[in-house]
Amino acid sequence: MKTALLLAAALLGAAPAEAKVRVVATLPTLAAIVSEVGGDRVDVEALASPGEDPHHVDPRPNLIVKLNRADLLVVNGLDLEAGWLPPVQASARNGAIQTGGRGWMDASASVRRLEVPTRVDRAAGDIHAGGNPHFLFDARAAAAVANAVAAKLAEMDPAHAGEFAGRAAAVTSGLEAVAAEARARVGRLPADRRKVVSYHRSFFYLYEWLGLEEVATVEPRPGIPPDPGHVSSVLGRMKATSTRVIVQEDFYPRKTGETLARLASGEVVVVPAAPRESVAAYYRRLAGEVIDALSR
Ligand SMILES: [Zn+2]
């Protein structure tokens with residue numbers, strides 16, 4: 001009996017020190033960054049599945065369960081999740097992870113924002129007022145997010161602040177090496193090959209990182225599906241600029257891109273949805289698949 005009590009006391013005493021920070025990230029790429037920075041000090045889950053459209057995540061009941069138990073919610077921000085996250089967050093009955101709470105982190109606060117509109121006009125499509133939200137396609141932005149995650153985890157688990165900072169430094173240097181190497185590869189391409197068409201305006205940050213030029217998007221406006229008139233103008237742009245490569249995510253329809261690629265003797269590159277390897281290796285693969293297509 002006495003032994004049992006001592007054992008129970010020891011376990012109870014040990015539990016808080018060993019408790020992991022329970023982190024929920026909206027997107028798989030964010031979850032992968034948190035996992036590398038947090039190591040065995042965190043338990044991480046993503047709300048969106050790999051390959052799911054981050055603008056339109058299905059608000060399944062299990063997302064509410066995940067958020068109910070979370071110590072920390074990491075969001076992309078810049079309204080990317082505005083269409084589905086707020087009701088899920090509100091239903092989670094967890095004060096800490098509400099917007100602005102101590103268990104809430106907005107990754108976009110740590111990156112340089114591009115394409116911030118001077119005027120917000122809903123008629124112009126699915127416009128994000130704070131800027132283009134798709135910064136996670138830039139390895140340099142991912143490095144900034146890794147550092148911000150380390151700072152946030154240090155706030156939540158100060159005893160392991162040094163570990164978080166150390167891991168973030170390793171992640172950051174890996175990403176910086178990948179960023180420089182990919183940019184150098186693009187630099188060796190002839191200038192007239194550094195042109196791309198995108199399905200959605202998802203890759204503005206990717207192109208800024210790599211030094212590529214987007215000549216058109218298959219969507220006439222963000223979130224608006226292509227119509228025949230717009231598609232023929234995209235084909236005209238592709239032919240006029242000798243652009244052959246169309247870049248898109250997995251969850252967008254491929255038919256239009258494939259038709260354009262056939263007519264322009266080019267190809268569609270479907271970018272990898274989320275890391276299944278280290279974060280740095282994922283960014284190397286992401287950039288590599290686009291650069292390989294431009295090199296063919
Ligand atoms: Zn978007």
# chains A, B, ... in the order shown; residues from 1 in each chain; ligands from 1
call {"tool": "residues_around", "arguments": {"residues": "Pro228 (chain A)", "least_positions_apart": "3", "cutoff": "12 Å", "atoms": "only C-alpha atoms", "output": "PDB file with C-alpha atoms, in the first residue's frame"}}
result
ATOM      1  CA  VAL A 218      -5.681  29.497 -65.154  1.00  0.00           C
ATOM      2  CA  GLU A 219      -8.241  30.915 -62.714  1.00  0.00           C
ATOM      3  CA  PRO A 220      -9.369  34.301 -64.061  1.00  0.00           C
ATOM      4  CA  PRO A 225     -12.985  28.573 -62.100  1.00  0.00           C
ATOM      5  CA  VAL A 231      -8.420  29.852 -71.117  1.00  0.00           C
ATOM      6  CA  SER A 232      -7.851  30.964 -74.696  1.00  0.00           C
ATOM      7  CA  SER A 233      -6.211  34.168 -73.473  1.00  0.00           C
ATOM      8  CA  VAL A 234      -3.923  32.089 -71.210  1.00  0.00           C
ATOM      9  CA  LEU A 235      -2.977  29.934 -74.188  1.00  0.00           C
ATOM     10  CA  THR A 256      -7.795  22.689 -68.114  1.00  0.00           C
ATOM     11  CA  THR A 259      -5.382  20.833 -72.238  1.00  0.00           C
ATOM     12  CA  LEU A 260      -3.283  24.006 -72.130  1.00  0.00           C
TER      13      LEU A 260
END
call {"tool": "residues_around", "arguments": {"residues": "Asn62 (chain A)", "least_positions_apart": "2", "cutoff": "12 Å", "atoms": "only C-alpha atoms", "output": "PDB file with C-alpha atoms, in the first residue's frame"}}
result
ATOM      1  CA  GLU A  45      -1.488  17.070 -35.267  1.00  0.00           C
ATOM      2  CA  ALA A  46      -2.745  18.890 -38.361  1.00  0.00           C
ATOM      3  CA  LEU A  47      -6.385  19.766 -39.005  1.00  0.00           C
ATOM      4  CA  ALA A  48      -6.228  19.664 -42.818  1.00  0.00           C
ATOM      5  CA  ASP A  58     -14.057  20.000 -44.338  1.00  0.00           C
ATOM      6  CA  PRO A  59     -15.034  20.936 -40.728  1.00  0.00           C
ATOM      7  CA  ARG A  60     -15.299  17.336 -39.514  1.00  0.00           C
ATOM      8  CA  ILE A  64     -13.280  20.064 -32.748  1.00  0.00           C
ATOM      9  CA  VAL A  65     -12.077  17.187 -30.567  1.00  0.00           C
ATOM     10  CA  LYS A  66      -8.436  17.895 -31.538  1.00  0.00           C
ATOM     11  CA  LEU A  67      -8.821  21.593 -30.711  1.00  0.00           C
ATOM     12  CA  ASN A  68     -10.580  20.885 -27.439  1.00  0.00           C
ATOM     13  CA  ARG A  69      -7.472  19.104 -26.145  1.00  0.00           C
ATOM     14  CA  VAL A  88     -14.436  24.910 -35.396  1.00  0.00           C
ATOM     15  CA  GLN A  89     -12.415  27.050 -32.954  1.00  0.00           C
ATOM     16  CA  SER A  91     -17.053  24.880 -30.884  1.00  0.00           C
ATOM     17  CA  ALA A  92     -13.867  23.556 -29.253  1.00  0.00           C
TER      18      ALA A  92
END
call {"tool": "closest_atom_pairs", "arguments": {"of": "chain A", "to": "ligand 1", "cutoff": "12 Å", "atoms": "only C-alpha atoms and all ligand atoms", "output": "JSON lines"}}
result
{"residue": "A:Asp53", "atom": "CA", "partner": "ligand 1", "partner_atom_place_in_ligand_line": "1 (Zn)", "distance": 9.3}
{"residue": "A:Pro54", "atom": "CA", "partner": "ligand 1", "partner_atom_place_in_ligand_line": "1 (Zn)", "distance": 8.2}
{"residue": "A:His55", "atom": "CA", "partner": "ligand 1", "partner_atom_place_in_ligand_line": "1 (Zn)", "distance": 6.7}
{"residue": "A:His56", "atom": "CA", "partner": "ligand 1", "partner_atom_place_in_ligand_line": "1 (Zn)", "distance": 10.2}
{"residue": "A:Asn76", "atom": "CA", "partner": "ligand 1", "partner_atom_place_in_ligand_line": "1 (Zn)", "distance": 11.7}
{"residue": "A:Gly77", "atom": "CA", "partner": "ligand 1", "partner_atom_place_in_ligand_line": "1 (Zn)", "distance": 11.5}
{"residue": "A:Leu78", "atom": "CA", "partner": "ligand 1", "partner_atom_place_in_ligand_line": "1 (Zn)", "distance": 9.8}
{"residue": "A:Asp79", "atom": "CA", "partner": "ligand 1", "partner_atom_place_in_ligand_line": "1 (Zn)", "distance": 9.1}
{"residue": "A:Leu80", "atom": "CA", "partner": "ligand 1", "partner_atom_place_in_ligand_line": "1 (Zn)", "distance": 6.7}
{"residue": "A:Glu81", "atom": "CA", "partner": "ligand 1", "partner_atom_place_in_ligand_line": "1 (Zn)", "distance": 9.8}
{"residue": "A:Ala82", "atom": "CA", "partner": "ligand 1", "partner_atom_place_in_ligand_line": "1 (Zn)", "distance": 11.1}
{"residue": "A:Gly83", "atom": "CA", "partner": "ligand 1", "partner_atom_place_in_ligand_line": "1 (Zn)", "distance": 11.4}
{"residue": "A:Glu115", "atom": "CA", "partner": "ligand 1", "partner_atom_place_in_ligand_line": "1 (Zn)", "distance": 11.5}
{"residue": "A:Gly125", "atom": "CA", "partner": "ligand 1", "partner_atom_place_in_ligand_line": "1 (Zn)", "distance": 9.8}
{"residue": "A:Asp126", "atom": "CA", "partner": "ligand 1", "partner_atom_place_in_ligand_line": "1 (Zn)", "distance": 7.0}
{"residue": "A:Ile127", "atom": "CA", "partner": "ligand 1", "partner_atom_place_in_ligand_line": "1 (Zn)", "distance": 7.6}
{"residue": "A:His128", "atom": "CA", "partner": "ligand 1", "partner_atom_place_in_ligand_line": "1 (Zn)", "distance": 7.5}
{"residue": "A:Ala129", "atom": "CA", "partner": "ligand 1", "partner_atom_place_in_ligand_line": "1 (Zn)", "distance": 11.3}
{"residue": "A:Gly130", "atom": "CA", "partner": "ligand 1", "partner_atom_place_in_ligand_line": "1 (Zn)", "distance": 11.9}
{"residue": "A:Gly131", "atom": "CA", "partner": "ligand 1", "partner_atom_place_in_ligand_line": "1 (Zn)", "distance": 9.9}
{"residue": "A:Asn132", "atom": "CA", "partner": "ligand 1", "partner_atom_place_in_ligand_line": "1 (Zn)", "distance": 6.9}
{"residue": "A:Pro133", "atom": "CA", "partner": "ligand 1", "partner_atom_place_in_ligand_line": "1 (Zn)", "distance": 6.5}
{"residue": "A:His134", "atom": "CA", "partner": "ligand 1", "partner_atom_place_in_ligand_line": "1 (Zn)", "distance": 6.6}
{"residue": "A:Phe135", "atom": "CA", "partner": "ligand 1", "partner_atom_place_in_ligand_line": "1 (Zn)", "distance": 10.3}
{"residue": "A:Leu136", "atom": "CA", "partner": "ligand 1", "partner_atom_place_in_ligand_line": "1 (Zn)", "distance": 11.7}
{"residue": "A:Phe137", "atom": "CA", "partner": "ligand 1", "partner_atom_place_in_ligand_line": "1 (Zn)", "distance": 11.9}
{"residue": "A:Ser198", "atom": "CA", "partner": "ligand 1", "partner_atom_place_in_ligand_line": "1 (Zn)", "distance": 11.7}
{"residue": "A:Tyr199", "atom": "CA", "partner": "ligand 1", "partner_atom_place_in_ligand_line": "1 (Zn)", "distance": 10.5}
{"residue": "A:His200", "atom": "CA", "partner": "ligand 1", "partner_atom_place_in_ligand_line": "1 (Zn)", "distance": 6.8}
{"residue": "A:Arg201", "atom": "CA", "partner": "ligand 1", "partner_atom_place_in_ligand_line": "1 (Zn)", "distance": 6.2}
{"residue": "A:Ser202", "atom": "CA", "partner": "ligand 1", "partner_atom_place_in_ligand_line": "1 (Zn)", "distance": 5.7}
{"residue": "A:Phe203", "atom": "CA", "partner": "ligand 1", "partner_atom_place_in_ligand_line": "1 (Zn)", "distance": 9.3}
{"residue": "A:Phe204", "atom": "CA", "partner": "ligand 1", "partner_atom_place_in_ligand_line": "1 (Zn)", "distance": 10.2}
{"residue": "A:Tyr205", "atom": "CA", "partner": "ligand 1", "partner_atom_place_in_ligand_line": "1 (Zn)", "distance": 11.8}
{"residue": "A:Glu219", "atom": "CA", "partner": "ligand 1", "partner_atom_place_in_ligand_line": "1 (Zn)", "distance": 10.9}
{"residue": "A:Arg221", "atom": "CA", "partner": "ligand 1", "partner_atom_place_in_ligand_line": "1 (Zn)", "distance": 10.1}
{"residue": "A:Pro222", "atom": "CA", "partner": "ligand 1", "partner_atom_place_in_ligand_line": "1 (Zn)", "distance": 6.3}
{"residue": "A:Gly223", "atom": "CA", "partner": "ligand 1", "partner_atom_place_in_ligand_line": "1 (Zn)", "distance": 7.1}
{"residue": "A:Ile224", "atom": "CA", "partner": "ligand 1", "partner_atom_place_in_ligand_line": "1 (Zn)", "distance": 10.7}
{"residue": "A:Gln248", "atom": "CA", "partner": "ligand 1", "partner_atom_place_in_ligand_line": "1 (Zn)", "distance": 11.8}
{"residue": "A:Glu249", "atom": "CA", "partner": "ligand 1", "partner_atom_place_in_ligand_line": "1 (Zn)", "distance": 11.2}
{"residue": "A:Tyr252", "atom": "CA", "partner": "ligand 1", "partner_atom_place_in_ligand_line": "1 (Zn)", "distance": 11.6}
call {"tool": "residues_around", "arguments": {"residues": "Arg185 (chain A)", "least_positions_apart": "5", "cutoff": "10 Å", "atoms": "only C-alpha atoms", "output": "ChimeraX atom specification"}}
result
/A:180,210,287-288,291-292,295
call {"tool": "write_last_selection", "arguments": {"atoms": "C-alpha atoms", "output": "CSV table (one decimal), in the first residue's frame"}}
result
chain,number,residue,atom,x,y,z
A,180,ALA,CA,20.1,29.2,-52.0
A,210,LEU,CA,13.2,31.0,-57.1
A,287,ALA,CA,11.5,23.5,-55.9
A,288,GLY,CA,13.1,20.6,-57.7
A,291,ILE,CA,12.9,23.4,-61.9
A,292,ASP,CA,13.2,20.0,-63.5
A,295,SER,CA,14.8,22.4,-67.5
call {"tool": "residues_around", "arguments": {"residues": "Asp192 (chain A)", "least_positions_apart": "2", "cutoff": "10 Å", "atoms": "only C-alpha atoms", "output": "JSON, numbers by chain"}}
result
{"A": [189, 190, 194, 195, 213, 241, 242, 243, 294]}
call {"tool": "closest_residue", "arguments": {"among": "A:His160, A:Arg41, A:Arg22, A:Arg296", "to": "Gly103 (chain A)", "atoms": "only C-alpha atoms"}}
result
A:Arg22
call {"tool": "select_by_dssp", "arguments": {"residues": "region 151-201 of chain A", "states": "strand (DSSP E)", "output": "list in words"}}
result
Lys195, Val196, Val197 and Ser198 of chain A
